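What's in my_file_39.tsv: TSV, N, CA and C atoms
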```tsv
chain	number	residue	atom	x	y	z
A	810	MET	N	-4.69	-19.27	13.47
A	810	MET	CA	-4.35	-18.11	12.65
A	810	MET	C	-2.86	-18.18	12.33
A	811	THR	N	-2.52	-18.24	11.06
A	811	THR	CA	-1.14	-18.36	10.61
A	811	THR	C	-0.50	-16.99	10.47
A	812	ALA	N	0.70	-16.84	11.05
A	812	ALA	CA	1.42	-15.57	10.95
A	812	ALA	C	2.00	-15.41	9.54
A	813	VAL	N	2.02	-14.17	9.08
A	813	VAL	CA	2.62	-13.85	7.78
A	813	VAL	C	3.56	-12.68	7.96
A	814	LYS	N	4.63	-12.66	7.20
A	814	LYS	CA	5.58	-11.55	7.25
A	814	LYS	C	5.13	-10.42	6.33
A	815	PHE	N	5.26	-9.19	6.81
A	815	PHE	CA	4.92	-8.02	6.01
A	815	PHE	C	5.67	-8.09	4.68
A	816	LEU	N	4.94	-7.91	3.60
A	816	LEU	CA	5.41	-7.92	2.22
A	816	LEU	C	5.80	-9.30	1.70
A	817	SER	N	5.54	-10.34	2.47
A	817	SER	CA	5.77	-11.69	1.95
A	817	SER	C	4.71	-11.99	0.90
A	818	GLU	N	4.92	-13.06	0.17
A	818	GLU	CA	3.93	-13.46	-0.84
A	818	GLU	C	2.58	-13.73	-0.18
A	819	GLU	N	2.59	-14.34	1.00
A	819	GLU	CA	1.35	-14.63	1.72
A	819	GLU	C	0.64	-13.34	2.14
A	820	TYR	N	1.43	-12.35	2.59
A	820	TYR	CA	0.85	-11.07	2.98
A	820	TYR	C	0.19	-10.39	1.78
A	821	LEU	N	0.90	-10.34	0.67
A	821	LEU	CA	0.37	-9.68	-0.52
A	821	LEU	C	-0.83	-10.44	-1.09
A	822	ASP	N	-0.81	-11.77	-1.00
A	822	ASP	CA	-1.98	-12.55	-1.41
A	822	ASP	C	-3.18	-12.20	-0.54
A	823	GLY	N	-2.93	-12.07	0.77
A	823	GLY	CA	-4.01	-11.71	1.69
A	823	GLY	C	-4.57	-10.34	1.40
A	824	LEU	N	-3.69	-9.39	1.13
A	824	LEU	CA	-4.12	-8.04	0.81
A	824	LEU	C	-4.92	-8.01	-0.48
A	825	GLY	N	-4.43	-8.72	-1.48
A	825	GLY	CA	-5.13	-8.76	-2.76
A	825	GLY	C	-6.41	-9.57	-2.72
A	826	GLY	N	-6.52	-10.46	-1.73
A	826	GLY	CA	-7.69	-11.33	-1.65
A	826	GLY	C	-8.85	-10.76	-0.88
A	827	LEU	N	-8.66	-9.62	-0.24
A	827	LEU	CA	-9.77	-8.99	0.48
A	827	LEU	C	-10.64	-8.29	-0.54
A	828	GLY	N	-11.85	-8.70	-0.62
A	828	GLY	CA	-12.73	-8.26	-1.70
A	828	GLY	C	-13.27	-6.86	-1.56
A	829	PRO	N	-13.79	-6.32	-2.66
A	829	PRO	CA	-14.39	-4.99	-2.66
A	829	PRO	C	-15.52	-4.84	-1.65
A	830	ALA	N	-16.21	-5.93	-1.34
A	830	ALA	CA	-17.30	-5.85	-0.37
A	830	ALA	C	-16.79	-5.50	1.02
A	831	ASP	N	-15.50	-5.76	1.28
A	831	ASP	CA	-14.89	-5.47	2.58
A	831	ASP	C	-14.41	-4.02	2.69
A	832	GLN	N	-14.49	-3.26	1.62
A	832	GLN	CA	-13.94	-1.90	1.59
A	832	GLN	C	-15.02	-0.90	1.19
A	833	VAL	N	-14.86	0.32	1.67
A	833	VAL	CA	-15.79	1.38	1.32
A	833	VAL	C	-15.26	2.11	0.08
A	834	PRO	N	-16.05	2.19	-1.00
A	834	PRO	CA	-15.58	2.87	-2.22
A	834	PRO	C	-15.34	4.37	-2.00
A	835	ILE	N	-14.36	4.89	-2.71
A	835	ILE	CA	-14.08	6.33	-2.76
A	835	ILE	C	-14.03	6.65	-4.24
A	836	PRO	N	-15.12	7.14	-4.81
A	836	PRO	CA	-15.29	7.22	-6.27
A	836	PRO	C	-14.15	7.84	-7.07
A	837	HIS	N	-13.51	8.88	-6.58
A	837	HIS	CA	-12.51	9.60	-7.38
A	837	HIS	C	-11.09	9.05	-7.26
A	838	VAL	N	-10.89	7.99	-6.48
A	838	VAL	CA	-9.54	7.51	-6.21
A	838	VAL	C	-9.24	6.24	-7.02
A	839	ASN	N	-8.36	6.38	-8.00
A	839	ASN	CA	-7.94	5.28	-8.87
A	839	ASN	C	-6.44	5.38	-9.09
A	840	GLY	N	-5.77	4.25	-9.20
A	840	GLY	CA	-4.35	4.33	-9.51
A	840	GLY	C	-3.66	2.99	-9.46
A	841	ARG	N	-2.48	2.98	-10.08
A	841	ARG	CA	-1.60	1.82	-10.10
A	841	ARG	C	-0.32	2.27	-9.40
A	842	PHE	N	-0.09	1.71	-8.22
A	842	PHE	CA	0.98	2.17	-7.35
A	842	PHE	C	2.06	1.11	-7.22
A	843	GLN	N	3.28	1.51	-7.55
A	843	GLN	CA	4.44	0.62	-7.48
A	843	GLN	C	5.26	1.00	-6.25
A	844	PHE	N	5.69	0.00	-5.49
A	844	PHE	CA	6.53	0.23	-4.32
A	844	PHE	C	7.82	-0.55	-4.49
A	845	HIS	N	8.93	0.10	-4.13
A	845	HIS	CA	10.25	-0.54	-4.17
A	845	HIS	C	10.81	-0.48	-2.75
A	846	ALA	N	10.75	-1.60	-2.05
A	846	ALA	CA	11.32	-1.68	-0.71
A	846	ALA	C	12.79	-2.06	-0.86
A	847	ASP	N	13.67	-1.14	-0.52
A	847	ASP	CA	15.11	-1.36	-0.69
A	847	ASP	C	15.54	-2.70	-0.11
A	848	ASP	N	16.25	-3.46	-0.91
A	848	ASP	CA	16.83	-4.74	-0.50
A	848	ASP	C	15.80	-5.76	-0.01
A	849	GLU	N	14.54	-5.56	-0.31
A	849	GLU	CA	13.51	-6.50	0.14
A	849	GLU	C	12.70	-7.03	-1.02
A	850	VAL	N	11.77	-6.20	-1.53
A	850	VAL	CA	10.83	-6.69	-2.53
A	850	VAL	C	10.20	-5.51	-3.26
A	851	ASP	N	9.86	-5.74	-4.50
A	851	ASP	CA	9.01	-4.80	-5.24
A	851	ASP	C	7.60	-5.35	-5.16
A	852	TYR	N	6.65	-4.46	-4.94
A	852	TYR	CA	5.25	-4.87	-4.91
A	852	TYR	C	4.38	-3.75	-5.41
A	853	PHE	N	3.11	-4.05	-5.64
A	853	PHE	CA	2.22	-3.04	-6.20
A	853	PHE	C	0.82	-3.18	-5.63
A	854	LEU	N	0.08	-2.08	-5.75
A	854	LEU	CA	-1.34	-2.04	-5.43
A	854	LEU	C	-2.06	-1.43	-6.62
A	855	ARG	N	-3.19	-2.01	-6.98
A	855	ARG	CA	-4.06	-1.40	-7.98
A	855	ARG	C	-5.34	-1.04	-7.26
A	856	VAL	N	-5.71	0.24	-7.37
A	856	VAL	CA	-6.86	0.79	-6.66
A	856	VAL	C	-7.87	1.29	-7.67
A	857	GLU	N	-9.11	0.88	-7.51
A	857	GLU	CA	-10.21	1.36	-8.34
A	857	GLU	C	-11.31	1.85	-7.42
A	858	ARG	N	-11.71	3.09	-7.61
A	858	ARG	CA	-12.76	3.71	-6.80
A	858	ARG	C	-12.46	3.59	-5.30
A	859	GLY	N	-11.18	3.76	-4.95
A	859	GLY	CA	-10.77	3.73	-3.56
A	859	GLY	C	-10.65	2.35	-2.95
A	860	VAL	N	-10.83	1.31	-3.76
A	860	VAL	CA	-10.80	-0.07	-3.28
A	860	VAL	C	-9.55	-0.76	-3.83
A	861	VAL	N	-8.78	-1.40	-2.95
A	861	VAL	CA	-7.64	-2.19	-3.40
A	861	VAL	C	-8.20	-3.43	-4.09
A	862	VAL	N	-8.02	-3.50	-5.41
A	862	VAL	CA	-8.56	-4.63	-6.18
A	862	VAL	C	-7.49	-5.64	-6.55
A	863	GLU	N	-6.23	-5.25	-6.40
A	863	GLU	CA	-5.14	-6.17	-6.71
A	863	GLU	C	-3.90	-5.74	-5.95
A	864	ALA	N	-3.17	-6.71	-5.42
A	864	ALA	CA	-1.88	-6.47	-4.78
A	864	ALA	C	-0.99	-7.64	-5.14
A	865	GLY	N	0.29	-7.37	-5.33
A	865	GLY	CA	1.16	-8.48	-5.66
A	865	GLY	C	2.63	-8.11	-5.65
A	866	ARG	N	3.44	-9.14	-5.76
A	866	ARG	CA	4.89	-8.97	-5.87
A	866	ARG	C	5.24	-8.55	-7.28
A	867	GLY	N	6.38	-7.90	-7.40
A	867	GLY	CA	6.89	-7.56	-8.71
A	867	GLY	C	6.41	-6.21	-9.20
A	868	GLN	N	6.37	-6.08	-10.52
A	868	GLN	CA	6.07	-4.81	-11.18
A	868	GLN	C	4.64	-4.81	-11.71
A	869	ILE	N	4.01	-3.66	-11.68
A	869	ILE	CA	2.71	-3.48	-12.32
A	869	ILE	C	2.95	-2.67	-13.60
A	870	ALA	N	2.32	-3.06	-14.66
A	870	ALA	CA	2.47	-2.34	-15.94
A	870	ALA	C	1.83	-0.96	-15.83
A	871	HIS	N	2.50	0.03	-16.38
A	871	HIS	CA	1.96	1.39	-16.49
A	871	HIS	C	1.60	1.98	-15.13
A	872	SER	N	2.52	1.92	-14.18
A	872	SER	CA	2.23	2.49	-12.85
A	872	SER	C	2.05	4.00	-12.97
A	873	ASP	N	1.15	4.52	-12.14
A	873	ASP	CA	0.93	5.97	-12.07
A	873	ASP	C	1.95	6.63	-11.16
A	874	LEU	N	2.36	5.90	-10.13
A	874	LEU	CA	3.24	6.45	-9.11
A	874	LEU	C	4.14	5.33	-8.60
A	875	ALA	N	5.42	5.62	-8.46
A	875	ALA	CA	6.36	4.66	-7.87
A	875	ALA	C	7.00	5.29	-6.64
A	876	ILE	N	7.06	4.52	-5.58
A	876	ILE	CA	7.65	4.98	-4.32
A	876	ILE	C	8.83	4.08	-3.99
A	877	HIS	N	9.99	4.69	-3.75
A	877	HIS	CA	11.20	3.98	-3.33
A	877	HIS	C	11.44	4.34	-1.87
A	878	ALA	N	11.56	3.32	-1.02
A	878	ALA	CA	11.76	3.56	0.41
A	878	ALA	C	12.36	2.32	1.05
A	879	THR	N	12.73	2.46	2.31
A	879	THR	CA	13.20	1.30	3.05
A	879	THR	C	12.00	0.45	3.47
A	880	TYR	N	12.29	-0.79	3.75
A	880	TYR	CA	11.25	-1.71	4.24
A	880	TYR	C	10.59	-1.12	5.49
A	881	ARG	N	11.39	-0.65	6.42
A	881	ARG	CA	10.87	-0.10	7.68
A	881	ARG	C	9.97	1.11	7.45
A	882	ASP	N	10.35	1.99	6.53
A	882	ASP	CA	9.52	3.17	6.25
A	882	ASP	C	8.21	2.78	5.58
A	883	LEU	N	8.25	1.78	4.69
A	883	LEU	CA	7.00	1.32	4.07
A	883	LEU	C	6.09	0.66	5.10
A	884	LEU	N	6.67	-0.07	6.02
A	884	LEU	CA	5.89	-0.67	7.10
A	884	LEU	C	5.22	0.42	7.93
A	885	ALA	N	5.98	1.44	8.31
A	885	ALA	CA	5.41	2.54	9.10
A	885	ALA	C	4.33	3.28	8.32
A	886	PHE	N	4.52	3.44	7.02
A	886	PHE	CA	3.54	4.12	6.18
A	886	PHE	C	2.24	3.32	6.10
A	887	GLU	N	2.35	2.04	5.78
A	887	GLU	CA	1.14	1.23	5.63
A	887	GLU	C	0.43	0.98	6.95
A	888	SER	N	1.16	1.05	8.05
A	888	SER	CA	0.52	0.86	9.36
A	888	SER	C	-0.11	2.15	9.87
A	889	GLY	N	0.17	3.26	9.20
A	889	GLY	CA	-0.39	4.54	9.62
A	889	GLY	C	0.49	5.32	10.57
A	890	GLU	N	1.66	4.77	10.93
A	890	GLU	CA	2.57	5.46	11.83
A	890	GLU	C	3.33	6.59	11.15
A	891	LEU	N	3.54	6.48	9.86
A	891	LEU	CA	4.28	7.48	9.09
A	891	LEU	C	3.33	8.11	8.08
A	892	HIS	N	3.14	9.40	8.20
A	892	HIS	CA	2.27	10.11	7.26
A	892	HIS	C	3.05	10.35	5.97
A	893	ALA	N	2.38	10.17	4.85
A	893	ALA	CA	3.03	10.31	3.55
A	893	ALA	C	3.69	11.67	3.38
A	894	ALA	N	3.02	12.73	3.79
A	894	ALA	CA	3.60	14.07	3.63
A	894	ALA	C	4.92	14.18	4.38
A	895	THR	N	4.98	13.63	5.57
A	895	THR	CA	6.23	13.64	6.35
A	895	THR	C	7.31	12.85	5.62
A	896	ALA	N	6.94	11.69	5.08
A	896	ALA	CA	7.91	10.85	4.38
A	896	ALA	C	8.50	11.56	3.16
A	897	PHE	N	7.68	12.31	2.43
A	897	PHE	CA	8.16	13.01	1.25
A	897	PHE	C	9.02	14.21	1.62
A	898	VAL	N	8.59	14.97	2.61
A	898	VAL	CA	9.32	16.17	3.01
A	898	VAL	C	10.69	15.81	3.59
A	899	THR	N	10.75	14.72	4.35
A	899	THR	CA	12.01	14.33	4.99
A	899	THR	C	12.91	13.49	4.09
A	900	GLY	N	12.42	13.13	2.92
A	900	GLY	CA	13.21	12.34	1.99
A	900	GLY	C	13.18	10.85	2.26
A	901	GLN	N	12.30	10.40	3.14
A	901	GLN	CA	12.18	8.97	3.39
A	901	GLN	C	11.59	8.24	2.19
A	902	PHE	N	10.80	8.94	1.39
A	902	PHE	CA	10.24	8.38	0.16
A	902	PHE	C	10.79	9.15	-1.02
A	903	ALA	N	11.25	8.42	-2.02
A	903	ALA	CA	11.60	9.01	-3.31
A	903	ALA	C	10.48	8.61	-4.27
A	904	VAL	N	9.94	9.58	-5.00
A	904	VAL	CA	8.76	9.34	-5.82
A	904	VAL	C	9.05	9.65	-7.27
A	905	THR	N	8.53	8.79	-8.15
A	905	THR	CA	8.55	9.07	-9.58
A	905	THR	C	7.14	8.86	-10.12
A	906	GLY	N	6.82	9.58	-11.16
A	906	GLY	CA	5.49	9.45	-11.75
A	906	GLY	C	4.59	10.62	-11.38
A	907	ASP	N	3.30	10.39	-11.40
A	907	ASP	CA	2.29	11.41	-11.16
A	907	ASP	C	2.18	11.70	-9.66
A	908	ARG	N	2.84	12.77	-9.23
A	908	ARG	CA	2.87	13.11	-7.81
A	908	ARG	C	1.49	13.42	-7.23
A	909	ALA	N	0.55	13.80	-8.05
A	909	ALA	CA	-0.81	14.04	-7.57
A	909	ALA	C	-1.43	12.75	-7.03
A	910	LYS	N	-0.96	11.62	-7.51
A	910	LYS	CA	-1.48	10.33	-7.05
A	910	LYS	C	-1.09	10.04	-5.60
A	911	VAL	N	-0.09	10.76	-5.08
A	911	VAL	CA	0.28	10.60	-3.68
A	911	VAL	C	-0.94	10.88	-2.79
A	912	LEU	N	-1.67	11.93	-3.12
A	912	LEU	CA	-2.86	12.27	-2.33
A	912	LEU	C	-3.90	11.17	-2.41
A	913	ASP	N	-4.09	10.59	-3.59
A	913	ASP	CA	-5.04	9.48	-3.73
A	913	ASP	C	-4.61	8.30	-2.86
A	914	LEU	N	-3.33	7.99	-2.89
A	914	LEU	CA	-2.83	6.88	-2.11
A	914	LEU	C	-3.02	7.14	-0.61
A	915	MET	N	-2.76	8.37	-0.19
A	915	MET	CA	-2.96	8.73	1.21
A	915	MET	C	-4.41	8.55	1.63
A	916	VAL	N	-5.33	8.94	0.77
A	916	VAL	CA	-6.76	8.81	1.07
A	916	VAL	C	-7.10	7.35	1.35
A	917	VAL	N	-6.53	6.45	0.58
A	917	VAL	CA	-6.82	5.02	0.75
A	917	VAL	C	-6.09	4.43	1.96
A	918	LEU	N	-4.77	4.52	1.98
A	918	LEU	CA	-3.98	3.81	2.98
A	918	LEU	C	-4.03	4.42	4.37
A	919	GLN	N	-4.35	5.69	4.47
A	919	GLN	CA	-4.37	6.30	5.79
A	919	GLN	C	-5.78	6.62	6.25
A	920	SER	N	-6.73	5.91	5.68
A	920	SER	CA	-8.13	6.10	6.10
A	920	SER	C	-8.50	5.03	7.12
A	921	GLY	N	-9.45	5.35	7.94
A	921	GLY	CA	-9.97	4.37	8.89
A	921	GLY	C	-10.56	3.18	8.17
A	922	ASN	N	-11.15	3.42	7.00
A	922	ASN	CA	-11.75	2.32	6.24
A	922	ASN	C	-10.70	1.29	5.86
A	923	TYR	N	-9.56	1.74	5.37
A	923	TYR	CA	-8.49	0.82	4.97
A	923	TYR	C	-8.00	0.01	6.17
A	924	HIS	N	-7.80	0.68	7.30
A	924	HIS	CA	-7.29	-0.01	8.47
A	924	HIS	C	-8.29	-1.02	9.02
A	925	ARG	N	-9.57	-0.71	8.96
A	925	ARG	CA	-10.59	-1.69	9.36
A	925	ARG	C	-10.58	-2.88	8.40
A	926	PHE	N	-10.40	-2.58	7.14
A	926	PHE	CA	-10.42	-3.60	6.09
A	926	PHE	C	-9.26	-4.59	6.23
A	927	ILE	N	-8.10	-4.14	6.67
A	927	ILE	CA	-6.96	-5.05	6.79
A	927	ILE	C	-6.66	-5.47	8.23
A	928	ALA	N	-7.55	-5.17	9.16
A	928	ALA	CA	-7.30	-5.45	10.58
A	928	ALA	C	-6.93	-6.92	10.83
A	929	GLU	N	-7.65	-7.84	10.24
A	929	GLU	CA	-7.37	-9.27	10.46
A	929	GLU	C	-6.00	-9.64	9.90
A	930	LEU	N	-5.67	-9.10	8.75
A	930	LEU	CA	-4.36	-9.37	8.15
A	930	LEU	C	-3.25	-8.81	9.03
A	931	TRP	N	-3.42	-7.58	9.52
A	931	TRP	CA	-2.40	-6.96	10.38
A	931	TRP	C	-2.25	-7.72	11.69
A	932	ALA	N	-3.35	-8.30	12.19
A	932	ALA	CA	-3.31	-9.02	13.46
A	932	ALA	C	-2.37	-10.23	13.39
A	933	ARG	N	-2.15	-10.76	12.20
A	933	ARG	CA	-1.26	-11.92	12.07
A	933	ARG	C	0.02	-11.60	11.30
A	934	THR	N	0.30	-10.32	11.11
A	934	THR	CA	1.49	-9.91	10.38
A	934	THR	C	2.67	-9.69	11.32
A	935	THR	N	3.82	-10.20	10.92
A	935	THR	CA	5.07	-9.96	11.65
A	935	THR	C	6.00	-9.17	10.74
A	936	TRP	N	7.04	-8.63	11.31
A	936	TRP	CA	8.02	-7.91	10.50
A	936	TRP	C	9.35	-8.17	11.11
```
What do you get writing this file as structure tokens?
Amino acid sequence: MTAVKFLSEEYLDGLGGLGPADQVPIPHVNGRFQFHADDEVDYFLRVERGVVVEAGRGQIAHSDLAIHATYRDLLAFESGELHAATAFVTGQFAVTGDRAKVLDLMVVLQSGNYHRFIAELWARTTW
């Protein structure tokens, strides 16, 4: 099992390569989410019906929501240690775009389904 660094190209390839069959659909959750990790990397997730169908480095066209945060805060958020509501209230996340999409993103990334779906990837992720 090869180790990958959180937000590295290999990590994002792994996240984007986990197929819809590995995830439980959530019909009302759709969005294009842009993340800006300060001094690290820009990356994005595209979610359709609650399923991460694409992840990658760089910018996604026509993002619904953009989140600016530190690398460490994004790591805590995606690992489930940092709740999105806490991050927004405390100013750890700066958000632009459709703020209602924050709830959609929370449904996906902080669900047990998402964590089960990425368990193998997280098992080999370093930071």
(message) Ranking A:His892, A:Arg855, A:Arg925, A:Arg933 by minimum distance to A:Phe842 and counting only C-alpha atoms, which one comes first?
(response) A:Arg855
(message) Considering only N, CA and C atoms, can you say which of A:His924, A:His871, A:Arg866, A:His877 comes closest to A:Glu818?
(response) A:Arg866
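Rounded to one decimal, atom N of A:Pro834 and atom CA of A:Leu891 lie 23.3 Å from each other.
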(request) Give as a ChimeraX atom specification every residue, naming chains and numbers as the document does, that has an atom within 12 Å of (11.3, 0.3, 5.5), counting only C-alpha atoms. (result) /A:815-816,844-850,876-888,890-891,896,901-902,936
(request) Figure out the distance between atom CA of A:Thr934 and atom C of A:Ser817, please, to one decimal in Å. (result) 10.2 Å
(request) Counting only C-alpha atoms, figure out which residue out of A:Ala864, A:Ala894, A:Ala932, A:Val916 gets nearest to A:Ile835. (result) A:Val916
Around all listed atoms of stretch 846-860 of chain A, padded 3 Å per side, what centre and edge lengths does the axis-aligned box have in Å to one decimal, as lines of an AutoDock Vina configuration file?
```
center_x = 2.0
center_y = -1.6
center_z = -4.1
size_x = 35.6
size_y = 16.8
size_z = 14.5
```
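For stretch 812-908 of chain A, backbone-based DSSP labels the following residues as helix (DSSP H, G or I): Glu818, Glu819, Tyr820, Leu821, Asp822, Gly823, Leu824, Gly825, Gly826, Pro829, Ala830, Asp831, Tyr880, Arg881, Asp882, Leu883, Leu884, Ala885, Phe886, Glu887, Ser888, Ala893, Ala894, Thr895, Ala896, Phe897 and Val898 of chain A.
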(request) Find, counting all atoms listed in the file, the residue in A:Asp851, A:Asp913, A:Thr905, A:Val856 that gets nearest to A:Gln868. (result)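 Distance minimum relative to A:Gln868 lands on A:Asp851.
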(request) Using only N, CA and C atoms, find the one residue out of A:Thr899, A:Thr935, A:Gln843, A:Ser920 that sits nearest to A:Val813. (result) A:Thr935
